[in-house]
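Reviewing the structure listed below.
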Amino acid sequence: MPYCANCGQQLTADARFCAACGRPVAQPQPVHAAPAQAPASQQPPEPVTAQATPVETPQPAQPPQPVSPQQAAPPVSPPGLAPTPVAPPPHASGLPQRARTMGMLCHLSAFAGFVFPFGNILGPLLMWLISREEHPFIDHNGKESVNFQISVIIFALICIPLLFIIVGFFLLFALAVYAVIAVIVASIRAANGEFFRYPITFRFLK
(Lines give C-alpha, C1' and ligand atoms only; values in the text may rest on other atoms or scores of the structure.)
Protein backbone atom coordinates (compact mmCIF):
# COMPACT_ATOMS: atom_id res chain seq x y z
CA MET A 1 0.00 0.00 0.00
CA PRO A 2 1.38 3.50 -0.84
CA TYR A 3 2.41 6.18 1.65
CA CYS A 4 2.70 9.94 1.35
CA ALA A 5 6.17 10.99 0.57
CA ASN A 6 5.74 14.26 2.60
CA CYS A 7 4.08 13.25 5.87
CA GLY A 8 4.13 9.48 5.76
CA GLN A 9 0.36 9.13 5.94
CA GLN A 10 -0.99 5.86 4.63
CA LEU A 11 -2.82 6.37 1.38
CA THR A 12 -5.47 4.46 -0.37
CA ALA A 13 -4.72 2.79 -3.57
CA ASP A 14 -6.73 5.25 -5.67
CA ALA A 15 -5.96 8.47 -3.68
CA ARG A 16 -4.61 11.35 -5.63
CA PHE A 17 -4.02 13.74 -2.66
CA CYS A 18 -2.80 13.11 0.87
CA ALA A 19 -5.70 13.50 3.39
CA ALA A 20 -3.35 14.80 6.10
CA CYS A 21 -1.19 17.33 4.26
CA GLY A 22 -3.00 17.67 0.94
CA ARG A 23 0.11 16.91 -1.11
CA PRO A 24 -0.67 15.40 -4.46
CA VAL A 25 0.31 11.85 -4.72
CA ALA A 26 2.54 11.00 -7.62
CA GLN A 27 0.95 8.37 -9.73
CA PRO A 28 3.18 5.53 -10.71
CA GLN A 29 4.00 5.47 -14.37
CA PRO A 30 2.82 2.39 -16.12
CA VAL A 31 5.66 0.30 -17.17
CA HIS A 32 5.34 -0.83 -20.73
CA ALA A 33 7.11 -3.97 -21.38
CA ALA A 34 9.21 -3.79 -24.41
CA PRO A 35 7.86 -6.02 -27.09
CA ALA A 36 9.82 -9.09 -27.30
CA GLN A 37 11.85 -9.10 -30.41
CA ALA A 38 11.15 -11.88 -32.63
CA PRO A 39 14.11 -14.12 -32.86
CA ALA A 40 16.16 -13.42 -35.89
CA SER A 41 15.46 -15.84 -38.55
CA GLN A 42 18.28 -18.14 -38.68
CA GLN A 43 19.48 -18.38 -42.18
CA PRO A 44 20.82 -21.69 -43.14
CA PRO A 45 24.58 -21.61 -43.39
CA GLU A 46 25.94 -21.27 -46.86
CA PRO A 47 27.23 -24.52 -48.13
CA VAL A 48 31.01 -24.53 -48.31
CA THR A 49 32.14 -25.67 -51.67
CA ALA A 50 35.22 -27.73 -51.33
CA GLN A 51 37.68 -26.81 -54.07
CA ALA A 52 39.08 -29.90 -55.53
CA THR A 53 42.88 -29.77 -55.73
CA PRO A 54 44.04 -30.96 -59.15
CA VAL A 55 46.01 -34.09 -58.81
CA GLU A 56 48.97 -34.30 -61.17
CA THR A 57 49.03 -37.42 -63.15
CA PRO A 58 52.48 -38.98 -62.79
CA GLN A 59 54.35 -39.05 -66.07
CA PRO A 60 55.80 -42.35 -67.12
CA ALA A 61 59.51 -42.51 -66.47
CA GLN A 62 61.70 -42.01 -69.54
CA PRO A 63 63.89 -44.98 -70.28
CA PRO A 64 67.60 -44.15 -70.03
CA GLN A 65 69.28 -43.34 -73.31
CA PRO A 66 71.98 -45.77 -74.31
CA VAL A 67 75.46 -44.31 -74.09
CA SER A 68 77.97 -45.35 -76.69
CA PRO A 69 81.41 -46.46 -75.48
CA GLN A 70 82.98 -43.47 -77.26
CA GLN A 71 80.80 -41.05 -75.26
CA ALA A 72 81.12 -42.91 -71.98
CA ALA A 73 84.84 -42.32 -71.63
CA PRO A 74 87.47 -40.44 -73.64
CA PRO A 75 89.97 -42.53 -75.49
CA VAL A 76 92.95 -43.34 -73.33
CA SER A 77 96.26 -44.16 -74.86
CA PRO A 78 97.86 -47.38 -73.68
CA PRO A 79 100.43 -46.84 -70.93
CA GLY A 80 103.87 -46.14 -72.21
CA LEU A 81 102.68 -44.93 -75.65
CA ALA A 82 102.44 -41.34 -76.80
CA PRO A 83 98.98 -40.06 -77.86
CA THR A 84 98.21 -40.29 -81.56
CA PRO A 85 98.83 -36.86 -83.15
CA VAL A 86 95.87 -35.27 -84.88
CA ALA A 87 96.45 -34.57 -88.57
CA PRO A 88 96.08 -30.87 -89.48
CA PRO A 89 93.24 -29.93 -91.83
CA PRO A 90 94.14 -29.94 -95.53
CA HIS A 91 95.20 -26.67 -97.14
CA ALA A 92 92.83 -24.86 -99.47
CA SER A 93 95.20 -25.48 -102.38
CA GLY A 94 95.23 -29.21 -101.73
CA LEU A 95 99.04 -29.26 -101.68
CA PRO A 96 100.99 -30.84 -98.81
CA GLN A 97 102.80 -28.62 -96.35
CA ARG A 98 106.28 -29.76 -97.39
CA ALA A 99 105.63 -29.03 -101.07
CA ARG A 100 104.53 -25.48 -100.27
CA THR A 101 107.47 -24.94 -97.89
CA MET A 102 110.09 -26.18 -100.35
CA GLY A 103 108.51 -24.14 -103.15
CA MET A 104 108.81 -21.03 -100.99
CA LEU A 105 112.44 -21.80 -100.13
CA CYS A 106 113.30 -22.12 -103.82
CA HIS A 107 112.52 -18.40 -104.10
CA LEU A 108 113.87 -17.18 -100.74
CA SER A 109 117.21 -18.90 -101.31
CA ALA A 110 117.90 -16.28 -103.99
CA PHE A 111 118.77 -13.82 -101.19
CA ALA A 112 121.99 -15.79 -100.78
CA GLY A 113 123.31 -13.44 -103.46
CA PHE A 114 123.70 -10.79 -100.74
CA VAL A 115 126.08 -13.17 -98.92
CA PHE A 116 128.38 -14.52 -101.65
CA PRO A 117 128.73 -13.91 -105.41
CA PHE A 118 126.19 -15.61 -107.66
CA GLY A 119 124.40 -16.90 -104.58
CA ASN A 120 121.15 -15.71 -106.11
CA ILE A 121 121.54 -18.46 -108.74
CA LEU A 122 123.32 -21.14 -106.74
CA GLY A 123 120.80 -21.05 -103.86
CA PRO A 124 117.64 -21.70 -105.93
CA LEU A 125 119.53 -24.15 -108.17
CA LEU A 126 120.64 -26.21 -105.17
CA MET A 127 117.14 -26.26 -103.62
CA TRP A 128 115.62 -27.29 -106.95
CA LEU A 129 118.11 -30.12 -107.58
CA ILE A 130 117.61 -31.55 -104.07
CA SER A 131 113.78 -31.64 -103.97
CA ARG A 132 112.54 -31.37 -107.56
CA GLU A 133 111.43 -35.03 -107.67
CA GLU A 134 109.35 -34.83 -104.50
CA HIS A 135 106.45 -32.91 -106.00
CA PRO A 136 105.63 -31.15 -109.31
CA PHE A 137 104.92 -27.96 -107.36
CA ILE A 138 108.52 -27.88 -106.08
CA ASP A 139 109.86 -28.56 -109.58
CA HIS A 140 107.81 -25.67 -110.99
CA ASN A 141 108.93 -23.11 -108.40
CA GLY A 142 112.57 -24.23 -108.60
CA LYS A 143 112.67 -23.74 -112.38
CA GLU A 144 110.92 -20.36 -112.14
CA SER A 145 113.34 -19.11 -109.50
CA VAL A 146 116.45 -20.23 -111.40
CA ASN A 147 115.18 -18.76 -114.70
CA PHE A 148 114.37 -15.43 -113.07
CA GLN A 149 117.75 -15.10 -111.36
CA ILE A 150 119.56 -15.90 -114.63
CA SER A 151 117.43 -13.23 -116.33
CA VAL A 152 118.36 -10.70 -113.62
CA ILE A 153 122.07 -11.40 -114.24
CA ILE A 154 121.57 -10.86 -117.98
CA PHE A 155 119.75 -7.55 -117.40
CA ALA A 156 122.50 -6.43 -115.01
CA LEU A 157 125.20 -7.18 -117.61
CA ILE A 158 123.29 -5.06 -120.12
CA CYS A 159 123.19 -2.14 -117.68
CA ILE A 160 126.95 -2.19 -117.01
CA PRO A 161 127.96 -0.41 -120.25
CA LEU A 162 125.28 2.22 -119.51
CA LEU A 163 127.15 3.21 -116.36
CA PHE A 164 129.33 5.48 -118.49
CA ILE A 165 126.33 7.63 -119.34
CA ILE A 166 125.06 7.63 -115.72
CA VAL A 167 121.69 6.15 -116.67
CA GLY A 168 123.11 2.70 -115.89
CA PHE A 169 123.14 3.51 -112.15
CA PHE A 170 119.41 4.20 -112.12
CA LEU A 171 118.71 1.07 -114.16
CA LEU A 172 120.76 -1.16 -111.84
CA PHE A 173 119.02 0.29 -108.78
CA ALA A 174 115.58 -0.22 -110.32
CA LEU A 175 116.55 -3.78 -111.34
CA ALA A 176 117.67 -4.62 -107.77
CA VAL A 177 114.44 -3.26 -106.25
CA TYR A 178 112.35 -5.12 -108.80
CA ALA A 179 114.21 -8.39 -108.13
CA VAL A 180 113.73 -8.14 -104.35
CA ILE A 181 110.01 -7.38 -104.65
CA ALA A 182 109.46 -10.13 -107.21
CA VAL A 183 111.18 -12.73 -105.00
CA ILE A 184 109.04 -11.73 -101.96
CA VAL A 185 105.82 -11.93 -103.98
CA ALA A 186 106.81 -15.31 -105.46
CA SER A 187 107.60 -16.67 -101.99
CA ILE A 188 104.21 -15.63 -100.63
CA ARG A 189 102.41 -17.13 -103.62
CA ALA A 190 104.33 -20.40 -103.26
CA ALA A 191 103.49 -20.57 -99.53
CA ASN A 192 99.82 -20.21 -100.48
CA GLY A 193 100.07 -23.07 -102.97
CA GLU A 194 99.88 -20.92 -106.14
CA PHE A 195 101.83 -21.63 -109.32
CA PHE A 196 103.55 -18.26 -109.73
CA ARG A 197 105.37 -17.16 -112.90
CA TYR A 198 107.84 -14.26 -112.96
CA PRO A 199 107.19 -11.56 -115.57
CA ILE A 200 109.92 -10.59 -118.06
CA THR A 201 111.88 -13.80 -117.60
CA PHE A 202 113.92 -15.95 -119.99
CA ARG A 203 112.86 -19.53 -119.30
CA PHE A 204 115.90 -21.65 -119.99
CA LEU A 205 114.60 -24.48 -117.82
CA LYS A 206 111.25 -25.81 -118.94
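By order of appearance in the C-alpha coordinates: chains A, B, ..., then residues from 1 within every chain, and ligands from 1 in the order shown.
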Worksheet item: Near Val183 in chain A, within 10 Å and counting only C-alpha atoms, which residues show up once chain neighbours fewer than 2 positions away are dropped, as an MDAnalysis selection string?
Response: chainID A and resid 104 106:111 145 148:149 178:181 185:189 198
Worksheet entry | Polymer residues at most 8 Å from Phe195 in chain A, only C-alpha atoms, same-chain spacing of 2 or more positions, as a VMD selection string | chain A and resid 137 140 to 141 189 to 190 193 197
Deliver the residues from the most recent selection as a file, using N, CA and C atoms, as a CSV table (one decimal), in the first residue's frame.
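The result, written out as result-v2.csv:
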```csv
chain,number,residue,atom,x,y,z
A,137,PHE,N,105.0,-29.4,-107.8
A,137,PHE,CA,104.9,-28.0,-107.4
A,137,PHE,C,106.3,-27.4,-107.0
A,140,HIS,N,108.2,-26.9,-110.3
A,140,HIS,CA,107.8,-25.7,-111.0
A,140,HIS,C,108.5,-24.4,-110.4
A,141,ASN,N,108.4,-24.3,-109.1
A,141,ASN,CA,108.9,-23.1,-108.4
A,141,ASN,C,110.5,-23.1,-108.5
A,189,ARG,N,103.3,-16.3,-102.8
A,189,ARG,CA,102.4,-17.1,-103.6
A,189,ARG,C,102.7,-18.6,-103.5
A,190,ALA,N,104.0,-19.0,-103.4
A,190,ALA,CA,104.3,-20.4,-103.3
A,190,ALA,C,103.9,-20.9,-101.9
A,193,GLY,N,100.4,-22.0,-102.1
A,193,GLY,CA,100.1,-23.1,-103.0
A,193,GLY,C,99.7,-22.6,-104.4
A,197,ARG,N,104.4,-17.3,-111.8
A,197,ARG,CA,105.4,-17.2,-112.9
A,197,ARG,C,105.9,-15.7,-112.9
```
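The residue set within 9 Å of range 154-162 of chain A, counting only C-alpha atoms and dropping same-chain residues fewer than 5 places from it, reads Gln149, Val167, Gly168, Phe169, Leu171, Leu172, Leu175 and Ala176 of chain A.
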Worksheet entry | All residues 9 Å or closer to range 11-24 of chain A, only C-alpha atoms, same chain fewer than 6 positions away omitted, as JSON, numbers by chain | {"A": [1, 2, 3, 4, 5]}
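Of the residues under consideration (A:Asn6, A:Asn192, A:Gln97, A:Asn147), A:Asn147 shows the shortest atom-to-atom contact distance to Leu125 in chain A when counting only C-alpha atoms.
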Discussion item. Taking 4 positions as the minimum chain separation for residues in the same chain, which residues sit within 8 Å of Met127 in chain A when counting only C-alpha atoms? Answer as a ChimeraX atom specification.
Written reply: /A:102,105-106,109,123,131-132,142
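When CA of Ala112 in chain A is paired with CA of Ile184 in chain A, their separation reads 13.6 Å.
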